[in-house]
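A.B. asks: Contents of run-v9.csv (CSV, C-alpha atoms) are given next:
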```
chain,number,residue,atom,x,y,z
T,199,MET,CA,145.7,159.1,243.1
T,200,ILE,CA,149.1,158.2,244.6
T,201,ILE,CA,150.3,159.6,247.9
T,202,THR,CA,152.4,162.5,246.5
T,203,GLU,CA,149.6,163.6,244.1
T,204,ILE,CA,147.1,163.7,246.9
T,205,ASN,CA,149.4,165.8,249.1
T,206,GLU,CA,150.3,168.1,246.3
T,207,ALA,CA,146.6,168.7,245.4
T,208,ILE,CA,145.9,169.5,249.1
T,209,SER,CA,148.7,172.0,249.2
T,210,LEU,CA,147.3,173.8,246.1
T,211,ILE,CA,143.8,174.4,247.6
T,212,ASN,CA,143.1,178.1,247.6
T,213,TYR,CA,142.9,179.0,251.3
T,214,ALA,CA,141.8,182.6,250.4
T,215,GLU,CA,138.4,181.2,249.4
T,216,PRO,CA,135.6,181.3,252.2
T,217,ASN,CA,135.0,177.6,252.1
T,218,HIS,CA,138.6,176.5,251.8
T,219,LEU,CA,138.5,174.5,255.0
T,220,GLU,CA,135.5,172.5,253.9
T,221,SER,CA,137.1,171.9,250.5
T,222,ALA,CA,140.3,170.6,252.1
T,223,ILE,CA,138.5,168.3,254.5
T,224,LYS,CA,136.2,166.9,251.9
T,225,PHE,CA,139.1,166.4,249.5
T,226,ILE,CA,141.1,164.5,252.2
T,227,ASN,CA,138.1,162.3,253.0
T,228,ASN,CA,137.3,161.5,249.4
T,229,PHE,CA,140.8,160.4,248.5
T,230,ALA,CA,142.1,159.0,251.8
T,231,GLU,CA,143.2,155.4,251.6
T,232,SER,CA,143.1,153.0,254.6
T,233,GLY,CA,145.8,151.3,256.6
T,234,ASP,CA,149.5,151.7,255.9
T,235,LYS,CA,149.1,153.8,252.7
T,236,GLU,CA,147.0,156.4,254.5
T,237,LEU,CA,149.3,156.6,257.4
T,238,LYS,CA,152.3,157.0,255.1
T,239,ARG,CA,150.5,159.8,253.2
T,240,MET,CA,149.7,161.8,256.4
T,241,LEU,CA,153.1,161.2,257.9
T,242,ASN,CA,154.6,162.8,254.8
T,243,ARG,CA,152.7,165.9,255.6
T,244,LEU,CA,153.4,166.2,259.3
T,245,PRO,CA,156.5,167.9,260.9
T,246,ASP,CA,159.5,165.7,261.6
T,247,ASN,CA,159.2,166.1,265.4
T,248,ILE,CA,155.6,164.8,265.3
T,249,VAL,CA,156.5,161.8,263.0
T,250,GLU,CA,159.3,161.0,265.5
T,251,GLN,CA,157.0,161.0,268.4
T,252,LEU,CA,154.4,158.9,266.7
T,253,SER,CA,157.1,156.4,265.8
T,254,SER,CA,158.7,156.1,269.2
T,255,CYS,CA,157.0,157.8,272.1
T,256,SER,CA,158.7,158.6,275.4
T,257,MET,CA,157.7,157.7,278.9
T,258,VAL,CA,154.8,159.5,280.5
T,259,THR,CA,153.7,159.4,284.1
T,260,ARG,CA,150.6,159.6,286.1
T,261,TYR,CA,151.0,160.9,289.6
T,262,GLY,CA,154.6,159.8,289.7
T,263,GLU,CA,153.9,156.3,288.4
T,264,LYS,CA,155.9,155.6,285.2
T,265,ILE,CA,154.3,153.6,282.4
T,266,LYS,CA,155.2,152.7,278.8
T,267,PRO,CA,152.7,154.4,276.4
T,268,TYR,CA,152.2,153.3,272.9
T,269,TYR,CA,150.3,154.2,269.8
T,270,LYS,CA,148.2,151.5,268.1
T,271,LYS,CA,148.4,151.7,264.4
T,272,SER,CA,144.6,152.3,264.2
T,273,TYR,CA,144.9,155.2,266.6
T,274,LYS,CA,148.0,156.5,264.9
T,275,ILE,CA,146.0,156.9,261.7
T,276,MET,CA,143.2,158.8,263.4
T,277,LEU,CA,145.6,161.0,265.3
T,278,ALA,CA,147.5,161.9,262.1
T,279,HIS,CA,144.1,162.8,260.6
T,280,ALA,CA,143.3,165.0,263.7
T,281,LEU,CA,146.7,166.7,263.4
T,282,GLU,CA,146.1,167.3,259.7
T,283,TYR,CA,142.7,168.9,260.5
T,284,LYS,CA,144.3,171.0,263.2
T,285,ASN,CA,146.8,172.4,260.8
T,286,LEU,CA,143.9,173.4,258.5
T,287,TYR,CA,141.9,175.1,261.3
T,288,SER,CA,144.6,176.5,263.6
T,289,PRO,CA,144.6,180.0,262.1
T,290,THR,CA,141.0,180.6,263.2
T,291,HIS,CA,140.1,177.9,265.7
T,292,TYR,CA,141.4,176.2,268.8
T,293,VAL,CA,141.4,172.4,268.2
T,294,PHE,CA,140.7,169.8,270.8
T,295,THR,CA,140.3,166.0,270.9
T,296,HIS,CA,137.8,163.8,272.8
T,297,ALA,CA,137.5,160.0,272.9
T,298,GLN,CA,134.6,157.7,273.3
T,299,ALA,CA,134.0,154.0,273.0
T,300,LEU,CA,133.4,152.7,269.4
T,301,VAL,CA,129.8,151.9,270.2
T,302,MET,CA,129.1,155.6,270.2
T,303,TRP,CA,129.7,155.9,266.5
T,304,VAL,CA,126.3,154.4,265.8
T,305,TYR,CA,124.5,156.7,268.1
T,306,VAL,CA,126.3,159.8,267.0
T,307,LYS,CA,125.7,159.0,263.4
T,308,PHE,CA,122.0,158.1,264.0
T,309,VAL,CA,121.3,161.4,265.8
T,310,LYS,CA,122.7,163.4,262.9
T,311,ILE,CA,120.7,161.3,260.4
T,312,LEU,CA,117.5,161.8,262.3
T,313,ILE,CA,118.0,165.6,262.5
T,314,LYS,CA,118.6,165.6,258.7
T,315,HIS,CA,115.3,163.8,258.2
T,316,PHE,CA,113.2,165.9,260.5
T,317,GLN,CA,115.0,169.2,260.1
T,318,PRO,CA,116.2,169.0,256.4
T,319,ASN,CA,117.0,172.7,256.0
T,320,ARG,CA,119.8,172.7,258.6
T,321,ASN,CA,123.4,172.9,257.5
T,322,LEU,CA,125.3,170.3,259.4
T,323,SER,CA,128.3,169.9,257.1
T,324,LEU,CA,131.5,168.8,258.9
T,325,PHE,CA,129.6,168.6,262.2
T,326,SER,CA,128.9,165.7,264.6
T,327,PHE,CA,126.9,165.9,267.8
T,328,LEU,CA,128.8,165.0,271.0
T,329,ARG,CA,125.7,164.6,273.1
T,330,PHE,CA,122.3,163.3,272.2
T,331,SER,CA,120.4,166.4,273.0
T,332,GLU,CA,121.2,170.0,271.8
T,333,ARG,CA,119.1,171.4,274.6
T,334,LEU,CA,121.0,173.0,277.5
T,335,THR,CA,120.5,171.0,280.7
T,336,SER,CA,121.0,174.2,282.7
T,337,ASN,CA,122.0,177.9,282.1
T,338,ARG,CA,125.4,177.4,283.6
T,339,SER,CA,128.3,178.8,281.4
T,340,PRO,CA,132.0,178.3,281.6
T,341,GLN,CA,132.2,181.4,283.8
T,342,ASP,CA,129.8,179.8,286.3
T,343,TYR,CA,131.9,176.7,286.4
T,344,ILE,CA,135.1,178.8,287.0
T,345,LYS,CA,133.5,180.2,290.1
T,346,LEU,CA,132.7,176.7,291.4
T,347,ARG,CA,135.2,175.0,293.8
T,348,GLU,CA,133.5,171.6,293.8
T,349,VAL,CA,133.1,170.0,290.4
T,350,ASP,CA,133.2,166.2,289.8
T,351,ASP,CA,132.6,165.0,286.3
T,352,ARG,CA,131.6,161.6,287.6
T,353,ASP,CA,128.4,163.3,288.7
T,354,SER,CA,125.7,163.1,286.0
T,355,LYS,CA,124.6,166.7,286.7
T,356,PHE,CA,128.0,167.9,285.5
T,357,ARG,CA,128.6,165.0,283.0
T,358,ASP,CA,125.5,166.0,281.0
T,359,GLU,CA,126.9,169.5,280.5
T,360,ILE,CA,130.6,169.1,279.9
T,361,LEU,CA,133.1,166.7,278.3
T,362,ALA,CA,136.8,166.3,278.8
T,363,ALA,CA,139.1,167.3,275.9
T,364,ASP,CA,142.8,167.6,275.1
T,365,GLY,CA,144.4,170.8,273.8
T,366,TYR,CA,147.5,168.8,273.3
T,367,LEU,CA,146.6,166.2,270.7
T,368,LEU,CA,149.6,163.9,271.3
T,369,ASN,CA,148.7,163.5,275.0
T,370,LEU,CA,148.8,160.0,276.4
T,371,ASP,CA,148.5,160.7,280.1
T,372,VAL,CA,147.1,157.6,281.8
T,373,GLY,CA,143.4,158.0,282.7
T,374,GLU,CA,143.6,161.7,281.7
T,375,SER,CA,143.7,161.9,277.9
T,376,ALA,CA,141.8,161.2,274.8
T,377,GLY,CA,144.7,159.0,273.6
T,378,TYR,CA,144.4,156.8,276.6
T,379,PHE,CA,140.6,156.2,276.4
T,380,CYS,CA,140.5,155.9,272.6
T,381,GLN,CA,143.2,153.2,272.6
T,382,ARG,CA,141.3,151.3,275.4
T,383,ASN,CA,138.0,151.7,273.5
T,384,ASP,CA,136.4,153.0,276.7
T,385,ASN,CA,134.3,155.7,278.1
T,386,ILE,CA,135.4,157.2,281.4
T,387,LEU,CA,132.1,156.0,283.1
T,388,GLY,CA,131.9,152.8,281.2
T,389,HIS,CA,128.2,153.3,280.3
T,390,PRO,CA,126.5,150.2,278.7
T,391,ASN,CA,124.7,150.4,275.4
T,392,LYS,CA,121.3,150.4,277.2
T,393,PHE,CA,122.2,153.7,278.8
T,394,PHE,CA,122.8,155.1,275.3
T,395,ASN,CA,119.5,153.7,274.1
T,396,LYS,CA,117.8,155.6,277.0
T,397,LYS,CA,119.5,158.8,275.9
T,398,LEU,CA,118.4,158.2,272.3
T,399,ARG,CA,114.8,157.7,273.3
T,400,GLU,CA,114.9,161.0,275.3
T,401,PHE,CA,116.3,162.8,272.3
T,402,MET,CA,113.6,161.5,270.0
T,403,GLU,CA,110.8,162.4,272.4
T,404,ASN,CA,112.1,165.8,273.7
T,405,ASP,CA,114.1,167.2,270.8
T,406,LEU,CA,112.2,165.8,267.8
T,407,ASN,CA,108.8,165.5,269.5
T,408,LEU,CA,108.2,162.0,268.3
T,409,GLU,CA,105.6,159.7,269.7
T,410,PRO,CA,107.0,156.5,271.2
T,411,GLU,CA,104.8,154.4,268.9
T,412,THR,CA,106.6,155.8,265.8
T,413,TYR,CA,110.1,154.7,266.9
T,414,LYS,CA,109.9,152.2,269.8
T,415,GLU,CA,110.2,149.1,267.7
T,416,HIS,CA,113.3,150.5,266.1
T,417,LEU,CA,115.3,151.0,269.3
T,418,ASP,CA,116.2,147.3,269.5
T,419,THR,CA,117.6,147.5,266.0
T,420,VAL,CA,119.8,150.5,266.9
T,421,TYR,CA,121.0,148.6,269.9
T,422,LYS,CA,121.8,145.6,267.7
T,423,TYR,CA,123.7,147.7,265.2
T,424,ALA,CA,125.7,149.4,268.0
T,425,ASN,CA,126.7,146.0,269.5
T,426,GLU,CA,127.7,144.8,266.0
T,427,PHE,CA,129.7,147.9,265.2
T,428,SER,CA,131.5,147.8,268.5
T,429,GLN,CA,133.0,144.4,267.6
T,430,LEU,CA,134.7,145.8,264.4
T,431,SER,CA,137.8,147.2,266.3
T,432,ASP,CA,139.4,147.3,269.7
T,433,THR,CA,140.0,151.0,269.3
T,434,GLY,CA,137.5,153.8,270.1
T,435,ASN,CA,136.4,156.9,268.2
T,436,LEU,CA,138.4,160.1,268.2
T,437,PHE,CA,136.5,163.4,267.9
T,438,VAL,CA,138.2,166.5,266.6
T,439,ILE,CA,136.5,169.6,268.0
T,440,CYS,CA,137.3,172.9,266.3
T,441,VAL,CA,136.2,175.9,268.3
T,442,PRO,CA,136.4,179.4,266.8
T,443,LYS,CA,138.8,181.5,268.8
T,444,ASP,CA,136.2,184.3,269.2
T,445,GLN,CA,133.7,181.7,270.6
T,446,VAL,CA,136.0,179.9,273.1
T,447,ALA,CA,134.8,181.9,276.1
T,448,LYS,CA,131.2,180.6,275.5
T,449,CYS,CA,132.0,176.9,275.6
T,450,VAL,CA,135.5,176.0,277.0
T,451,TYR,CA,137.4,176.3,280.3
T,452,GLU,CA,140.8,175.1,281.4
T,453,SER,CA,140.6,172.2,283.8
T,454,GLU,CA,142.4,170.0,286.3
T,455,PRO,CA,141.5,166.3,286.7
T,456,ALA,CA,137.8,165.7,287.6
T,457,SER,CA,136.9,168.9,285.8
T,458,VAL,CA,137.9,171.2,288.6
T,459,PRO,CA,138.6,174.6,287.0
T,460,CYS,CA,142.2,175.9,286.9
T,461,HIS,CA,142.9,179.2,288.7
T,462,HIS,CA,145.7,181.5,287.6
T,463,ASN,CA,147.4,184.2,289.6
T,464,ASP,CA,148.2,186.4,286.6
T,465,SER,CA,144.9,187.6,285.2
T,466,GLU,CA,146.7,189.2,282.2
T,467,SER,CA,147.8,185.8,281.0
T,468,VAL,CA,144.3,184.4,280.4
T,469,ILE,CA,142.1,184.7,277.3
T,470,PRO,CA,139.5,187.4,278.2
T,471,ASN,CA,136.4,186.2,280.0
T,472,THR,CA,138.0,182.7,280.5
T,473,ASN,CA,140.4,180.9,282.8
T,474,ILE,CA,142.4,179.7,279.8
T,475,HIS,CA,146.1,180.4,280.1
T,476,ALA,CA,146.7,181.8,276.6
T,477,ALA,CA,150.4,181.0,276.3
T,478,ARG,CA,150.0,177.4,277.6
T,479,LEU,CA,147.2,176.6,275.2
T,480,GLN,CA,149.2,177.9,272.3
T,481,LEU,CA,152.1,175.7,273.4
T,482,LEU,CA,149.8,172.7,273.5
T,483,GLN,CA,148.4,173.6,270.1
T,484,ASN,CA,151.9,173.8,268.6
T,485,ASP,CA,152.5,170.1,269.6
T,486,ASN,CA,156.0,170.9,270.9
T,487,TYR,CA,156.4,171.9,274.5
T,488,LYS,CA,158.3,171.3,277.7
T,489,LYS,CA,156.3,169.4,280.3
T,490,GLU,CA,157.0,172.0,283.1
T,491,ASP,CA,155.4,174.7,280.9
T,492,ALA,CA,152.3,172.8,280.0
T,493,VAL,CA,150.9,171.2,283.2
T,494,CYS,CA,148.0,172.7,285.2
T,495,SER,CA,148.3,174.0,288.7
T,496,TRP,CA,147.1,170.8,290.2
T,497,ARG,CA,149.3,169.6,293.2
T,498,GLU,CA,151.7,172.5,293.1
T,499,LYS,CA,154.0,170.7,295.6
T,500,THR,CA,154.7,167.8,293.3
T,501,SER,CA,157.1,167.7,290.4
T,502,SER,CA,155.8,168.6,286.9
T,503,ASP,CA,156.4,165.0,285.8
T,504,ALA,CA,153.8,163.8,288.3
T,505,LYS,CA,151.1,166.2,287.0
T,506,PRO,CA,148.9,165.6,283.9
T,507,VAL,CA,149.0,168.0,281.0
T,508,ALA,CA,146.5,170.8,281.3
T,509,GLN,CA,143.1,169.7,280.3
T,510,TYR,CA,140.0,171.4,279.0
T,511,ARG,CA,136.2,171.0,279.4
T,512,ILE,CA,133.9,171.7,276.6
T,513,PHE,CA,130.1,172.5,276.7
T,514,PRO,CA,129.0,170.4,273.7
T,515,GLN,CA,125.5,171.9,273.6
T,516,ARG,CA,127.0,175.4,273.2
T,517,LEU,CA,129.0,174.3,270.0
T,518,LYS,CA,127.0,175.7,267.1
T,519,HIS,CA,127.6,175.0,263.5
T,520,GLU,CA,126.2,178.4,262.5
T,521,ASN,CA,128.8,180.0,264.8
T,522,GLY,CA,131.7,178.3,263.0
T,523,ALA,CA,132.2,175.2,265.3
T,524,ARG,CA,133.2,172.0,263.5
T,525,VAL,CA,133.3,168.5,265.0
T,526,PHE,CA,134.7,165.5,263.2
T,527,THR,CA,134.2,161.9,264.1
T,528,LEU,CA,137.2,159.7,263.3
T,529,SER,CA,136.7,155.9,263.5
T,530,PRO,CA,139.1,153.0,263.2
T,531,VAL,CA,136.5,151.0,261.2
T,532,CYS,CA,137.1,150.8,257.5
T,533,LYS,CA,135.1,153.1,255.2
T,534,ILE,CA,133.1,150.3,253.5
T,535,ALA,CA,131.8,149.0,256.9
T,536,ARG,CA,130.9,152.6,258.0
T,537,GLN,CA,129.0,153.2,254.8
T,538,ASP,CA,127.1,150.0,255.3
T,539,TYR,CA,126.0,150.9,258.8
T,540,LYS,CA,125.2,154.5,257.7
T,541,ARG,CA,122.9,153.0,255.0
T,542,LYS,CA,121.2,150.8,257.6
T,543,LEU,CA,120.7,153.7,259.9
T,544,ASN,CA,119.3,155.8,257.1
T,545,GLU,CA,116.7,153.1,256.3
T,546,LEU,CA,115.7,153.1,260.0
T,547,ALA,CA,115.3,156.9,259.9
T,548,ASP,CA,113.2,156.6,256.8
T,549,GLU,CA,110.9,154.2,258.5
T,550,ILE,CA,110.6,156.4,261.6
T,551,TYR,CA,109.9,159.4,259.4
T,552,VAL,CA,107.2,157.6,257.4
T,553,SER,CA,105.6,156.3,260.6
T,554,ASN,CA,105.5,159.7,262.1
T,555,HIS,CA,104.0,161.4,259.1
T,556,THR,CA,101.5,158.5,258.7
T,557,LYS,CA,100.3,159.0,262.3
T,558,PHE,CA,99.7,162.7,261.9
T,559,SER,CA,98.1,162.4,258.4
T,560,ARG,CA,95.3,160.1,259.7
```
Using structure tokens, write down the structure that the file contains.
C.D. replies:
Amino acid sequence: MIITEINEAISLINYAEPNHLESAIKFINNFAESGDKELKRMLNRLPDNIVEQLSSCSMVTRYGEKIKPYYKKSYKIMLAHALEYKNLYSPTHYVFTHAQALVMWVYVKFVKILIKHFQPNRNLSLFSFLRFSERLTSNRSPQDYIKLREVDDRDSKFRDEILAADGYLLNLDVGESAGYFCQRNDNILGHPNKFFNKKLREFMENDLNLEPETYKEHLDTVYKYANEFSQLSDTGNLFVICVPKDQVAKCVYESEPASVPCHHNDSESVIPNTNIHAARLQLLQNDNYKKEDAVCSWREKTSSDAKPVAQYRIFPQRLKHENGARVFTLSPVCKIARQDYKRKLNELADEIYVSNHTKFSR
């Protein structure tokens, strides 16, 4: 299909059908091309003001320090995809983005593949896992965090429960945005691959109840694949997180830097049972806002230019496919390479599955 035919076909999808969102996403993924052609296709569908910002972005600041932001082409393609997904989901969902280093693609994909092998009846269509384990590390909810005055997301006890996200998908605030970390191909804590292997081991033991002897020899192979995959691009992964509007109080709160919850004087302005300023989030979701209207309350005495755009914290274990949450993993790596590593990971999962069943059938 040529670009115009793809976009015309997308526009003709019957959005009155219950599964229209899934149909649209799968259609886009099936016919999407790579590189300049795909970027051109998506830019033809985005509003002019977004295209202009992607083409030449303005100065942004961090705590008063001016820097020159930019959009890598690889990131620009993923961001255009994210904006396209947001346009599809915005009537019923709030849409956020989160970035992780490229190496995480292998672990995120392998977790989902393992779940499909050992829990084959689960429907995980259009859903990626943002943490290794689905188990809650505590019973704390967004409302519990809102009551806290001391939160530091560099602390593992908080980091295991929450992740940073942007409600403004075009955000490039230095050190405070998905765009910044994705283009740096970095995680905020800079965890090495061995850390992820440890988390993967805990997931297989605690969530899937696997014996170490059934998977231990395969961990080195996963580690090898992760290292190889991380060399395929200098841009990280971008996750698009779609939270149903009627579920947002269960898994999201509005945040200042370091995950400190925002506090608003006007209680009528917030979404019920949250600290989320409704009008501000809508401004951010609309992709077109004035800086002074979209910043959080952090450092009230400084100018709005010195403040980062309002942030959000999401509880990944509380995102449930059955409740309507959808999570997409966007990667800068070409589709052929991704399919090759997906095949390799499926082969590993097959071996682990056979090993596990052999052990219990003796």
A.B. asks: With 8 Å as the cut-off and all atoms listed in the file counted, what is the closest atom pair between each nearby residue of region 402-467 of chain T and region 532-555 of chain T? Distances in Å to one decimal, ordered by chain and number, as CSV.
C.D. replies:
```
residue,atom,partner,partner_atom,distance
T:Leu408,CA,T:Asn554,CA,7.1
T:Glu409,CA,T:Asn554,CA,7.6
T:Thr412,CA,T:Ser553,CA,5.3
T:Tyr413,CA,T:Ile550,CA,5.6
T:His416,CA,T:Leu546,CA,7.1
T:Val420,CA,T:Leu543,CA,7.7
T:Tyr423,CA,T:Tyr539,CA,7.5
T:Phe427,CA,T:Tyr539,CA,8.0
```
A.B. asks: Please provide the set of residues having any atom within 12 Å of Thr433 (chain T), restricted to all atoms listed in the file, with same-chain residues fewer than 3 positions apart removed, written as a PyMOL selection string.
C.D. replies: chain T and resi 269-276+297-303+376-385+427-430+436+528-531
A.B. asks: Can you pull out the residues contacting Asn285 (chain T)? Cut-off 10 Å, using only C-alpha atoms, and skip same-chain residues under 4 positions away; I want them as a PyMOL selection string.
C.D. replies: chain T and resi 244+279-281+289+291+293+483-484
A.B. asks: Counting only C-alpha atoms, figure out which residue out of T:Asn247, T:Ser288, T:Asn425, T:Asn404 gets nearest to Ile439 (chain T).
C.D. replies: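 Closest residue, counting only C-alpha atoms: T:Ser288.
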A.B. asks: Kindly give the distance, in Å, that separates CA of Val450 (chain T) and CA of Arg511 (chain T), rounded to a single decimal.
C.D. replies: 5.6 Å
A.B. asks: What is the CA of Phe393 (chain T)-CA of Leu417 (chain T) distance in Å, reported with one decimal?
C.D. replies: 12.0 Å
A.B. asks: Could you work out how far CA of Asn395 (chain T) lies from CA of Tyr305 (chain T), giving the answer in Å with one decimal?
C.D. replies: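 Interatomic distance here is 8.4 Å.
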A.B. asks: Smallest atom-to-atom distance to Ser457 (chain T): which of T:Pro318, T:Pro470, T:Pro340, T:Gly522, using all atoms listed in the file?
C.D. replies: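 That would be T:Pro340, the residue with the smallest distance to Ser457 (chain T).
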A.B. asks: Let me know the centre plus edge lengths, in Å and rounded to one decimal, of a box with edges along x, y and z that contains all listed atoms of region 289-299 of chain T and is padded by 8 Å on every side, as lines of an AutoDock Vina configuration file.
C.D. replies:
```
center_x = 139.3
center_y = 167.3
center_z = 267.7
size_x = 26.6
size_y = 42.6
size_z = 27.2
```
A.B. asks: Taking all atoms listed in the file into account, which of T:Lys235, T:Lys414, T:Arg516, T:Lys443 comes nearest Arg329 (chain T)?
C.D. replies: T:Arg516
